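Coordinates from start05.pdb are shown below (PDB, C-alpha atoms).
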MODEL        1
ATOM      1  CA  MET A  83      31.021   0.313   8.335
ATOM      2  CA  SER A  84      29.282   2.531   5.784
ATOM      3  CA  LYS A  85      25.632   3.396   6.234
ATOM      4  CA  LYS A  86      23.077   1.426   4.228
ATOM      5  CA  THR A  87      21.239   3.532   1.651
ATOM      6  CA  ALA A  88      17.704   2.860   0.442
ATOM      7  CA  LEU A  89      15.669   4.580  -2.265
ATOM      8  CA  ILE A  90      11.899   4.745  -1.731
ATOM      9  CA  THR A  91       9.644   5.757  -4.608
ATOM     10  CA  GLY A  92       6.266   6.974  -3.367
ATOM     11  CA  ILE A  93       7.726   8.108  -0.037
ATOM     12  CA  THR A  94       4.885  10.619   0.540
ATOM     13  CA  GLY A  95       2.274   7.826   0.473
ATOM     14  CA  GLN A  96       1.023   5.791   3.411
ATOM     15  CA  ASP A  97       3.474   2.906   2.956
ATOM     16  CA  GLY A  98       6.367   5.159   1.980
ATOM     17  CA  SER A  99       6.058   7.171   5.171
ATOM     18  CA  TYR A 100       5.966   4.096   7.434
ATOM     19  CA  LEU A 101       8.843   2.451   5.563
ATOM     20  CA  ALA A 102      10.939   5.636   5.768
ATOM     21  CA  GLU A 103      10.377   5.772   9.549
ATOM     22  CA  PHE A 104      11.281   2.099   9.877
ATOM     23  CA  LEU A 105      14.503   2.386   7.844
ATOM     24  CA  LEU A 106      15.611   5.594   9.582
ATOM     25  CA  GLU A 107      15.228   3.803  12.931
ATOM     26  CA  LYS A 108      17.510   1.085  11.543
ATOM     27  CA  GLY A 109      20.157   3.691  10.722
ATOM     28  CA  TYR A 110      19.662   3.809   6.947
ATOM     29  CA  GLN A 111      20.299   6.793   4.729
ATOM     30  CA  VAL A 112      16.874   7.169   3.073
ATOM     31  CA  ILE A 113      16.440   8.762  -0.350
ATOM     32  CA  GLY A 114      12.797   9.609  -1.006
ATOM     33  CA  MET A 115      11.778  10.130  -4.628
ATOM     34  CA  VAL A 116       8.932  12.525  -5.429
ATOM     35  CA  ARG A 117       7.524  13.748  -8.725
ATOM     36  CA  ARG A 118       8.047  17.352  -9.773
ATOM     37  CA  SER A 119       4.753  19.058  -8.974
ATOM     38  CA  SER A 120       3.536  22.493  -7.989
ATOM     39  CA  THR A 121       1.908  20.926  -4.918
ATOM     40  CA  VAL A 122       3.598  17.933  -3.307
ATOM     41  CA  ASN A 123       1.862  16.795  -0.136
ATOM     42  CA  PHE A 124       4.481  16.071   2.520
ATOM     43  CA  ASP A 125       1.993  15.714   5.394
ATOM     44  CA  ARG A 126       2.717  12.040   6.017
ATOM     45  CA  ILE A 127       6.482  12.603   6.345
ATOM     46  CA  ALA A 128       6.411  16.073   7.931
ATOM     47  CA  HIS A 129       7.518  14.625  11.299
ATOM     48  CA  ILE A 130      10.696  13.114   9.772
ATOM     49  CA  GLN A 131      11.451  15.667   7.072
ATOM     50  CA  GLU A 132      14.213  17.309   9.104
ATOM     51  CA  HIS A 133      15.882  13.977   9.880
ATOM     52  CA  GLY A 134      19.568  14.158   8.990
ATOM     53  CA  ASN A 135      19.492  10.821   7.171
ATOM     54  CA  LEU A 136      16.514  11.626   4.941
ATOM     55  CA  GLU A 137      16.900  13.320   1.573
ATOM     56  CA  ILE A 138      14.048  14.096  -0.825
ATOM     57  CA  VAL A 139      14.933  14.043  -4.524
ATOM     58  CA  GLN A 140      12.959  14.628  -7.712
ATOM     59  CA  GLY A 141      12.402  11.774 -10.114
ATOM     60  CA  ASP A 142       9.615  10.245 -12.149
ATOM     61  CA  LEU A 143       8.611   6.693 -13.078
ATOM     62  CA  LEU A 144       7.644   8.094 -16.484
ATOM     63  CA  ASP A 145      11.204   9.327 -17.101
ATOM     64  CA  GLN A 146      13.840   6.593 -17.116
ATOM     65  CA  MET A 147      16.817   8.965 -17.264
ATOM     66  CA  SER A 148      15.746  10.578 -13.980
ATOM     67  CA  LEU A 149      15.823   7.081 -12.410
ATOM     68  CA  VAL A 150      19.259   6.326 -13.869
ATOM     69  CA  ASP A 151      20.563   9.660 -12.551
ATOM     70  CA  ILE A 152      19.246   9.048  -9.010
ATOM     71  CA  LEU A 153      20.687   5.513  -8.859
ATOM     72  CA  THR A 154      24.041   6.766 -10.175
ATOM     73  CA  GLU A 155      24.264   9.691  -7.760
ATOM     74  CA  TYR A 156      22.997   8.106  -4.523
ATOM     75  CA  ARG A 157      24.096   4.478  -5.050
ATOM     76  CA  PRO A 158      21.388   2.812  -2.958
ATOM     77  CA  GLY A 159      21.812  -0.830  -1.953
ATOM     78  CA  GLU A 160      18.031  -1.281  -1.733
ATOM     79  CA  VAL A 161      15.195   0.150  -3.829
ATOM     80  CA  TYR A 162      11.564  -0.012  -2.718
ATOM     81  CA  ASN A 163       9.122   0.749  -5.525
ATOM     82  CA  LEU A 164       5.969   1.938  -3.761
ATOM     83  CA  ALA A 165       4.964   4.643  -6.256
ATOM     84  CA  ALA A 166       1.849   3.918  -8.324
ATOM     85  CA  GLN A 167      -1.555   5.206  -9.284
ATOM     86  CA  SER A 168      -3.029   3.100  -6.505
ATOM     87  CA  PHE A 169      -6.693   4.064  -6.158
ATOM     88  CA  VAL A 170      -8.733   1.358  -7.889
ATOM     89  CA  PRO A 171     -11.775   3.477  -8.943
ATOM     90  CA  THR A 172      -9.460   6.049 -10.579
ATOM     91  CA  SER A 173      -7.935   3.289 -12.698
ATOM     92  CA  TRP A 174     -11.164   3.048 -14.728
ATOM     93  CA  LYS A 175     -11.172   6.793 -15.315
ATOM     94  CA  GLN A 176      -7.445   6.926 -16.146
ATOM     95  CA  PRO A 177      -6.532   3.422 -17.360
ATOM     96  CA  VAL A 178      -3.648   4.491 -19.622
ATOM     97  CA  LEU A 179      -2.012   6.682 -16.972
ATOM     98  CA  THR A 180      -2.435   3.843 -14.455
ATOM     99  CA  GLY A 181      -0.629   1.537 -16.894
ATOM    100  CA  GLU A 182       2.195   4.038 -17.433
ATOM    101  CA  PHE A 183       2.941   4.379 -13.704
ATOM    102  CA  THR A 184       1.874   1.085 -12.220
ATOM    103  CA  ALA A 185       3.057  -1.230 -15.023
ATOM    104  CA  LEU A 186       5.651   0.403 -17.285
ATOM    105  CA  GLY A 187       7.079   2.436 -14.402
ATOM    106  CA  VAL A 188       8.272  -0.829 -12.857
ATOM    107  CA  THR A 189      10.071  -1.757 -16.087
ATOM    108  CA  ARG A 190      11.799   1.619 -16.282
ATOM    109  CA  LEU A 191      13.051   1.267 -12.706
ATOM    110  CA  LEU A 192      14.187  -2.353 -13.129
ATOM    111  CA  ASP A 193      15.977  -1.460 -16.343
ATOM    112  CA  ALA A 194      17.672   1.494 -14.653
ATOM    113  CA  ILE A 195      18.916  -0.911 -11.943
ATOM    114  CA  ARG A 196      20.153  -3.341 -14.611
ATOM    115  CA  ILE A 197      22.088  -0.519 -16.302
ATOM    116  CA  VAL A 198      23.507   1.235 -13.225
ATOM    117  CA  ASN A 199      24.114  -1.541 -10.684
ATOM    118  CA  PRO A 200      22.576  -5.043 -10.986
ATOM    119  CA  ALA A 201      23.600  -5.765  -7.366
ATOM    120  CA  ILE A 202      20.877  -3.423  -6.033
ATOM    121  CA  ARG A 203      18.139  -5.276  -4.155
ATOM    122  CA  PHE A 204      14.670  -4.395  -5.475
ATOM    123  CA  TYR A 205      11.243  -4.585  -3.856
ATOM    124  CA  GLN A 206       8.101  -4.334  -5.977
ATOM    125  CA  ALA A 207       4.791  -3.495  -4.295
ATOM    126  CA  SER A 208       2.457  -6.094  -5.785
ATOM    127  CA  SER A 209      -1.181  -6.228  -4.714
ATOM    128  CA  SER A 210      -3.952  -8.619  -3.721
ATOM    129  CA  GLU A 211      -6.037  -6.861  -6.405
ATOM    130  CA  MET A 212      -4.104  -9.049  -8.860
ATOM    131  CA  PHE A 213      -6.202 -12.022  -7.665
ATOM    132  CA  GLY A 214      -9.452 -10.161  -8.427
ATOM    133  CA  LYS A 215     -12.022 -12.815  -9.329
ATOM    134  CA  VAL A 216     -10.373 -15.280  -7.003
ATOM    135  CA  GLN A 217      -9.495 -18.728  -8.335
ATOM    136  CA  GLU A 218      -9.014 -20.243  -4.872
ATOM    137  CA  VAL A 219      -9.594 -19.291  -1.225
ATOM    138  CA  PRO A 220      -7.382 -18.304   0.507
ATOM    139  CA  GLN A 221      -4.974 -16.826  -2.065
ATOM    140  CA  LYS A 222      -1.279 -17.731  -1.944
ATOM    141  CA  GLU A 223       1.817 -17.146  -4.081
ATOM    142  CA  THR A 224       0.818 -19.837  -6.603
ATOM    143  CA  THR A 225      -2.838 -18.747  -6.979
ATOM    144  CA  PRO A 226      -3.564 -17.726 -10.614
ATOM    145  CA  PHE A 227      -4.225 -14.021 -11.143
ATOM    146  CA  TYR A 228      -7.562 -12.789 -12.504
ATOM    147  CA  PRO A 229      -7.504  -8.980 -12.101
ATOM    148  CA  ARG A 230     -10.812  -7.104 -12.217
ATOM    149  CA  SER A 231      -9.670  -3.498 -12.701
ATOM    150  CA  PRO A 232      -7.122  -1.617 -14.834
ATOM    151  CA  TYR A 233      -5.153  -1.169 -11.584
ATOM    152  CA  GLY A 234      -5.123  -4.927 -10.955
ATOM    153  CA  VAL A 235      -4.076  -5.602 -14.566
ATOM    154  CA  ALA A 236      -1.226  -3.061 -14.303
ATOM    155  CA  LYS A 237      -0.059  -4.630 -11.025
ATOM    156  CA  VAL A 238       0.010  -8.082 -12.685
ATOM    157  CA  TYR A 239       2.329  -6.649 -15.367
ATOM    158  CA  GLY A 240       4.537  -5.062 -12.680
ATOM    159  CA  HIS A 241       4.663  -8.367 -10.827
ATOM    160  CA  TRP A 242       5.624 -10.501 -13.830
ATOM    161  CA  ILE A 243       8.185  -8.026 -15.188
ATOM    162  CA  THR A 244       9.857  -8.199 -11.749
ATOM    163  CA  VAL A 245       9.951 -12.005 -11.967
ATOM    164  CA  ASN A 246      11.191 -11.728 -15.554
ATOM    165  CA  TYR A 247      14.093  -9.399 -14.677
ATOM    166  CA  ARG A 248      15.018 -11.610 -11.728
ATOM    167  CA  GLU A 249      15.204 -14.664 -13.959
ATOM    168  CA  SER A 250      16.663 -12.939 -17.044
ATOM    169  CA  TYR A 251      19.323 -10.747 -15.403
ATOM    170  CA  ASN A 252      19.795 -12.491 -12.059
ATOM    171  CA  LEU A 253      18.608  -9.396 -10.165
ATOM    172  CA  PHE A 254      17.717  -9.617  -6.480
ATOM    173  CA  ALA A 255      14.117  -8.601  -7.201
ATOM    174  CA  CYS A 256      11.196  -9.465  -4.914
ATOM    175  CA  SER A 257       7.466  -8.896  -5.145
ATOM    176  CA  GLY A 258       5.413  -8.485  -1.985
ATOM    177  CA  ILE A 259       1.791  -9.415  -2.730
ATOM    178  CA  LEU A 260       0.320  -7.284   0.022
ATOM    179  CA  PHE A 261      -3.306  -7.547   0.984
ATOM    180  CA  ASN A 262      -5.175  -4.416   2.065
ATOM    181  CA  HIS A 263      -3.254  -2.527   4.709
ATOM    182  CA  GLU A 264      -4.570   0.576   6.402
ATOM    183  CA  SER A 265      -3.627   3.203   8.978
ATOM    184  CA  PRO A 266      -4.527   6.727  10.095
ATOM    185  CA  ARG A 267      -2.348   7.874   7.144
ATOM    186  CA  ARG A 268      -4.562   6.142   4.563
ATOM    187  CA  GLY A 269      -6.070   8.462   1.937
ATOM    188  CA  LEU A 270      -9.668   9.521   2.620
ATOM    189  CA  GLU A 271     -10.776   8.057  -0.727
ATOM    190  CA  PHE A 272     -10.127   4.501   0.565
ATOM    191  CA  VAL A 273     -13.131   2.831   2.173
ATOM    192  CA  THR A 274     -11.545   2.185   5.587
ATOM    193  CA  HIS A 275     -10.609   5.814   6.144
ATOM    194  CA  LYS A 276     -13.785   7.029   4.478
ATOM    195  CA  VAL A 277     -15.742   5.082   7.106
ATOM    196  CA  THR A 278     -13.685   5.999  10.190
ATOM    197  CA  HIS A 279     -13.542   9.675   9.207
ATOM    198  CA  ALA A 280     -17.281   9.816   8.538
ATOM    199  CA  ALA A 281     -18.029   8.109  11.866
ATOM    200  CA  ALA A 282     -15.957  10.756  13.671
ATOM    201  CA  ARG A 283     -17.643  13.587  11.758
ATOM    202  CA  ILE A 284     -21.111  12.167  12.473
ATOM    203  CA  LYS A 285     -20.251  11.838  16.177
ATOM    204  CA  LEU A 286     -19.283  15.526  16.227
ATOM    205  CA  GLY A 287     -22.397  16.579  14.309
ATOM    206  CA  LEU A 288     -20.483  17.576  11.166
ATOM    207  CA  GLN A 289     -22.382  15.262   8.791
ATOM    208  CA  GLN A 290     -25.581  13.235   8.899
ATOM    209  CA  GLU A 291     -24.979  10.172   6.761
ATOM    210  CA  LEU A 292     -22.387   8.089   4.900
ATOM    211  CA  ALA A 293     -23.016   6.735   1.387
ATOM    212  CA  LEU A 294     -21.211   3.494   0.486
ATOM    213  CA  GLY A 295     -21.322   0.830  -2.230
ATOM    214  CA  ASN A 296     -21.177  -2.922  -1.666
ATOM    215  CA  LEU A 297     -21.329  -3.596   2.082
ATOM    216  CA  GLU A 298     -20.839  -7.328   1.555
ATOM    217  CA  ALA A 299     -17.423  -7.017  -0.178
ATOM    218  CA  ARG A 300     -14.867  -8.754   2.041
ATOM    219  CA  ARG A 301     -11.206  -7.881   2.475
ATOM    220  CA  ASP A 302      -8.181  -9.034   4.438
ATOM    221  CA  TRP A 303      -7.261  -5.798   6.251
ATOM    222  CA  GLY A 304      -4.004  -5.331   8.168
ATOM    223  CA  TYR A 305      -1.924  -2.469   9.586
ATOM    224  CA  ALA A 306       0.460  -0.693   7.204
ATOM    225  CA  GLY A 307       3.128  -0.340   9.907
ATOM    226  CA  ASP A 308       3.304  -4.145  10.126
ATOM    227  CA  TYR A 309       3.439  -4.607   6.368
ATOM    228  CA  VAL A 310       6.445  -2.351   5.681
ATOM    229  CA  ARG A 311       8.461  -4.546   8.048
ATOM    230  CA  ALA A 312       7.736  -7.463   5.706
ATOM    231  CA  MET A 313       9.044  -5.453   2.736
ATOM    232  CA  TRP A 314      12.357  -4.934   4.484
ATOM    233  CA  LEU A 315      12.591  -8.583   5.573
ATOM    234  CA  MET A 316      12.222  -9.723   1.946
ATOM    235  CA  LEU A 317      15.352  -7.809   0.942
ATOM    236  CA  GLN A 318      17.377  -9.267   3.846
ATOM    237  CA  GLN A 319      17.005 -12.894   2.678
ATOM    238  CA  GLU A 320      19.729 -14.916   0.959
ATOM    239  CA  GLU A 321      17.602 -15.495  -2.150
ATOM    240  CA  PRO A 322      14.983 -13.237  -3.796
ATOM    241  CA  ASP A 323      11.419 -14.538  -3.785
ATOM    242  CA  ASP A 324       7.784 -13.429  -3.824
ATOM    243  CA  TYR A 325       5.574 -13.431  -0.732
ATOM    244  CA  VAL A 326       1.913 -12.974   0.125
ATOM    245  CA  ILE A 327       1.572 -10.719   3.190
ATOM    246  CA  SER A 328      -1.801 -10.786   4.922
ATOM    247  CA  THR A 329      -3.579 -11.362   8.228
ATOM    248  CA  GLY A 330      -5.448 -14.447   6.990
ATOM    249  CA  GLU A 331      -8.723 -12.995   8.301
ATOM    250  CA  THR A 332     -11.530 -11.546   6.227
ATOM    251  CA  HIS A 333     -14.030  -8.857   7.189
ATOM    252  CA  SER A 334     -16.875  -7.220   5.286
ATOM    253  CA  VAL A 335     -17.367  -3.499   4.722
ATOM    254  CA  ARG A 336     -20.458  -3.938   6.914
ATOM    255  CA  GLU A 337     -18.268  -5.218   9.788
ATOM    256  CA  LEU A 338     -15.907  -2.289   9.216
ATOM    257  CA  CYS A 339     -18.844   0.106   9.665
ATOM    258  CA  GLU A 340     -20.060  -1.771  12.733
ATOM    259  CA  VAL A 341     -16.685  -1.572  14.501
ATOM    260  CA  ALA A 342     -15.975   2.058  13.534
ATOM    261  CA  PHE A 343     -19.364   3.419  14.617
ATOM    262  CA  SER A 344     -19.569   1.306  17.783
ATOM    263  CA  CYS A 345     -16.218   2.804  18.892
ATOM    264  CA  LEU A 346     -18.161   6.046  19.186
ATOM    265  CA  GLU A 347     -21.282   4.435  20.686
ATOM    266  CA  LEU A 348     -23.201   4.830  17.423
ATOM    267  CA  ASP A 349     -25.194   2.322  15.358
ATOM    268  CA  TYR A 350     -23.960   2.359  11.759
ATOM    269  CA  GLN A 351     -27.431   1.350  10.494
ATOM    270  CA  ASP A 352     -28.748   4.767  11.504
ATOM    271  CA  PHE A 353     -26.293   6.561   9.209
ATOM    272  CA  VAL A 354     -25.003   4.348   6.359
ATOM    273  CA  THR A 355     -26.849   4.452   3.016
ATOM    274  CA  ILE A 356     -26.218   2.475  -0.182
ATOM    275  CA  ASP A 357     -25.324   4.377  -3.349
ATOM    276  CA  GLN A 358     -24.977   2.479  -6.640
ATOM    277  CA  ARG A 359     -22.374   5.011  -7.822
ATOM    278  CA  PHE A 360     -19.859   3.395  -5.472
ATOM    279  CA  TYR A 361     -20.205  -0.077  -6.957
ATOM    280  CA  ARG A 362     -17.285  -1.090  -9.198
ATOM    281  CA  PRO A 363     -17.862  -1.996 -12.884
ATOM    282  CA  ALA A 364     -16.330  -5.402 -12.044
ATOM    283  CA  GLU A 365     -16.504  -6.208  -8.340
ATOM    284  CA  VAL A 366     -13.943  -8.087  -6.266
ATOM    285  CA  ASP A 367     -16.007  -9.832  -3.615
ATOM    286  CA  LEU A 368     -13.635 -11.852  -1.451
ATOM    287  CA  LEU A 369      -9.930 -11.412  -0.810
ATOM    288  CA  ILE A 370      -8.192 -13.378   1.934
ATOM    289  CA  GLY A 371      -4.492 -14.193   1.956
ATOM    290  CA  ASP A 372      -2.479 -17.220   3.015
ATOM    291  CA  SER A 373       0.769 -15.697   4.296
ATOM    292  CA  SER A 374       2.170 -18.936   5.773
ATOM    293  CA  LYS A 375       5.221 -18.818   3.469
ATOM    294  CA  GLY A 376       6.118 -15.289   4.625
ATOM    295  CA  ARG A 377       5.513 -16.162   8.269
ATOM    296  CA  LYS A 378       7.751 -19.231   8.024
ATOM    297  CA  LYS A 379      10.593 -17.893   5.838
ATOM    298  CA  LEU A 380      10.639 -14.241   6.931
ATOM    299  CA  GLY A 381       9.547 -14.759  10.536
ATOM    300  CA  TRP A 382       6.891 -12.101   9.958
ATOM    301  CA  GLU A 383       3.684 -11.776  11.981
ATOM    302  CA  PRO A 384       1.047  -9.030  12.078
ATOM    303  CA  THR A 385       0.847  -7.304  15.476
ATOM    304  CA  VAL A 386      -2.362  -5.235  15.152
ATOM    305  CA  SER A 387      -5.811  -6.871  14.973
ATOM    306  CA  PHE A 388      -8.624  -5.674  12.691
ATOM    307  CA  LYS A 389     -10.553  -4.205  15.629
ATOM    308  CA  GLU A 390      -7.441  -2.471  17.014
ATOM    309  CA  LEU A 391      -6.676  -1.049  13.568
ATOM    310  CA  ILE A 392     -10.145   0.455  13.098
ATOM    311  CA  GLU A 393     -10.151   1.843  16.653
ATOM    312  CA  MET A 394      -6.707   3.392  16.013
ATOM    313  CA  MET A 395      -8.052   5.092  12.871
ATOM    314  CA  VAL A 396     -11.238   6.357  14.565
ATOM    315  CA  ASP A 397      -9.209   7.747  17.497
ATOM    316  CA  ALA A 398      -6.823   9.506  15.107
ATOM    317  CA  ASP A 399      -9.717  11.030  13.127
ATOM    318  CA  MET A 400     -11.373  12.290  16.323
ATOM    319  CA  GLU A 401      -8.064  13.786  17.453
ATOM    320  CA  VAL A 402      -7.541  15.615  14.144
ATOM    321  CA  LEU A 403     -11.104  16.997  14.106
ATOM    322  CA  ARG A 404     -10.846  18.166  17.706
ATOM    323  CA  ALA A 405      -7.501  19.803  16.959
ATOM    324  CA  GLU A 406      -9.287  21.687  14.182
ATOM    325  CA  GLY A 407     -11.693  23.042  16.807
ATOM    326  CA  TYR A 408     -14.657  20.720  16.343
ATOM    327  CA  GLY A 409     -16.453  19.069  19.228
ATOM    328  CA  GLN A 410     -14.854  21.209  21.914
TER     329      GLN A 410
ENDMDL
END
Target format structure tokens, applied to this file:
Amino acid sequence: MSKKTALITGITGQDGSYLAEFLLEKGYQVIGMVRRSSTVNFDRIAHIQEHGNLEIVQGDLLDQMSLVDILTEYRPGEVYNLAAQSFVPTSWKQPVLTGEFTALGVTRLLDAIRIVNPAIRFYQASSSEMFGKVQEVPQKETTPFYPRSPYGVAKVYGHWITVNYRESYNLFACSGILFNHESPRRGLEFVTHKVTHAAARIKLGLQQELALGNLEARRDWGYAGDYVRAMWLMLQQEEPDDYVISTGETHSVRELCEVAFSCLELDYQDFVTIDQRFYRPAEVDLLIGDSSKGRKKLGWEPTVSFKELIEMMVDADMEVLRAEGYGQ
């Protein structure tokens, strides 16, 4: 039996690294697509880079021919589109670039699949940011979208073009509407890692305070390692469909601070300050997902609780800082 081959765009990101690990453990040949750049950060996949079944190739969501060439050469049976400009605040500063990658990039990849091999199974990383100014609580697959950032708007386009190609060309194309998912590999610009990293630095005397925006914003936070399993499950079904993936619990940024600092026997109120610069032009106040469809049809369940997730991130940050020689 020939080995299954999967292409992952955005393999050097948080989700890409966890998905690559997961697929390699399942015996897949994994093709990881990265953009041509003078400095590509391979930190998140450094531990698997020498794996015999992993190959890194150059391609770009802005260049459709590069996508056609990769699909033609490597003949993947599954494609996971995780590449995007995915930091919400940046999407206001670079709205057109965000649209090129996060919206039109999906079209280029779907069209490349249509041209090269319509039998390829396709996963699109949709986002809870598409719900934005929420129209119902909790949010499920049928909840109307009301995005509140250029990133959210671009993700809505990516979502609907995936549905459109599925219905127009009979592609096996799925969208996973994933709510916030975090891990020690999350970028430091994201609020969860910003908080856990700052708590660790404060504990070790490396900084005195942490400036944040809206402490009352609430999110449905899960563990990225759990969520990539759901991506894979979607492409193993008999029929393509879209699924909300979430924990079904909501926590505020204030609670996040409370848990992270208390892990280190600190009181967040002694260190956290409010800075208006970190408020969004259009705020998303409450996101909480109803993942009952995914749990029932995919048999998916989250395995890591909110508290366990934050503790895992704080522990990892402390470990990294100590390895760098701090707090010895």
Surrounding residues of Glu337 (chain A) excluding itself and chain neighbours under 3 positions, 10 Å, all atoms listed in the file, as a ChimeraX atom specification: /A:297-298,300,332-334,340-343,350,389
7 Å contact set for Lys237 (chain A), only C-alpha atoms, chain neighbours under 2 positions out, as JSON, numbers by chain: {"A": [184, 185, 208, 209, 212, 233, 234, 235, 239, 240, 241]}
Option closest in space to Thr244 (chain A), from A:Gln358, A:Thr154, A:Gln206, A:Thr87 [counting only C-alpha atoms]: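 So, comparing all the options, the nearest one is A:Gln206.
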Name every residue that the PyMOL selection byres ((chain A and resi 398) around 12) selects in this structure, writing the answer as a short mmCIF file (atom, residue, chain, number, x, y, z; two decimals) with C-alpha atoms, keeping the file's coordinate frame with chains first and numbers rising.
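Saved to out_20.cif:
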data_model
loop_
_atom_site.label_atom_id
_atom_site.label_comp_id
_atom_site.auth_asym_id
_atom_site.auth_seq_id
_atom_site.Cartn_x
_atom_site.Cartn_y
_atom_site.Cartn_z
CA SER A 265 -3.63 3.20 8.98
CA PRO A 266 -4.53 6.73 10.10
CA ARG A 267 -2.35 7.87 7.14
CA ARG A 268 -4.56 6.14 4.56
CA HIS A 275 -10.61 5.81 6.14
CA THR A 278 -13.68 6.00 10.19
CA HIS A 279 -13.54 9.68 9.21
CA ALA A 281 -18.03 8.11 11.87
CA ALA A 282 -15.96 10.76 13.67
CA ALA A 342 -15.98 2.06 13.53
CA LEU A 391 -6.68 -1.05 13.57
CA ILE A 392 -10.14 0.46 13.10
CA GLU A 393 -10.15 1.84 16.65
CA MET A 394 -6.71 3.39 16.01
CA MET A 395 -8.05 5.09 12.87
CA VAL A 396 -11.24 6.36 14.56
CA ASP A 397 -9.21 7.75 17.50
CA ASP A 399 -9.72 11.03 13.13
CA MET A 400 -11.37 12.29 16.32
CA GLU A 401 -8.06 13.79 17.45
CA VAL A 402 -7.54 15.62 14.14
CA LEU A 403 -11.10 17.00 14.11
CA ARG A 404 -10.85 18.17 17.71
CA ALA A 405 -7.50 19.80 16.96
#
Å distance separating CA of Cys256 (chain A) from CA of Asp323 (chain A), one decimal place: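 Going from CA of Cys256 (chain A) over to CA of Asp323 (chain A) covers 5.2 Å.
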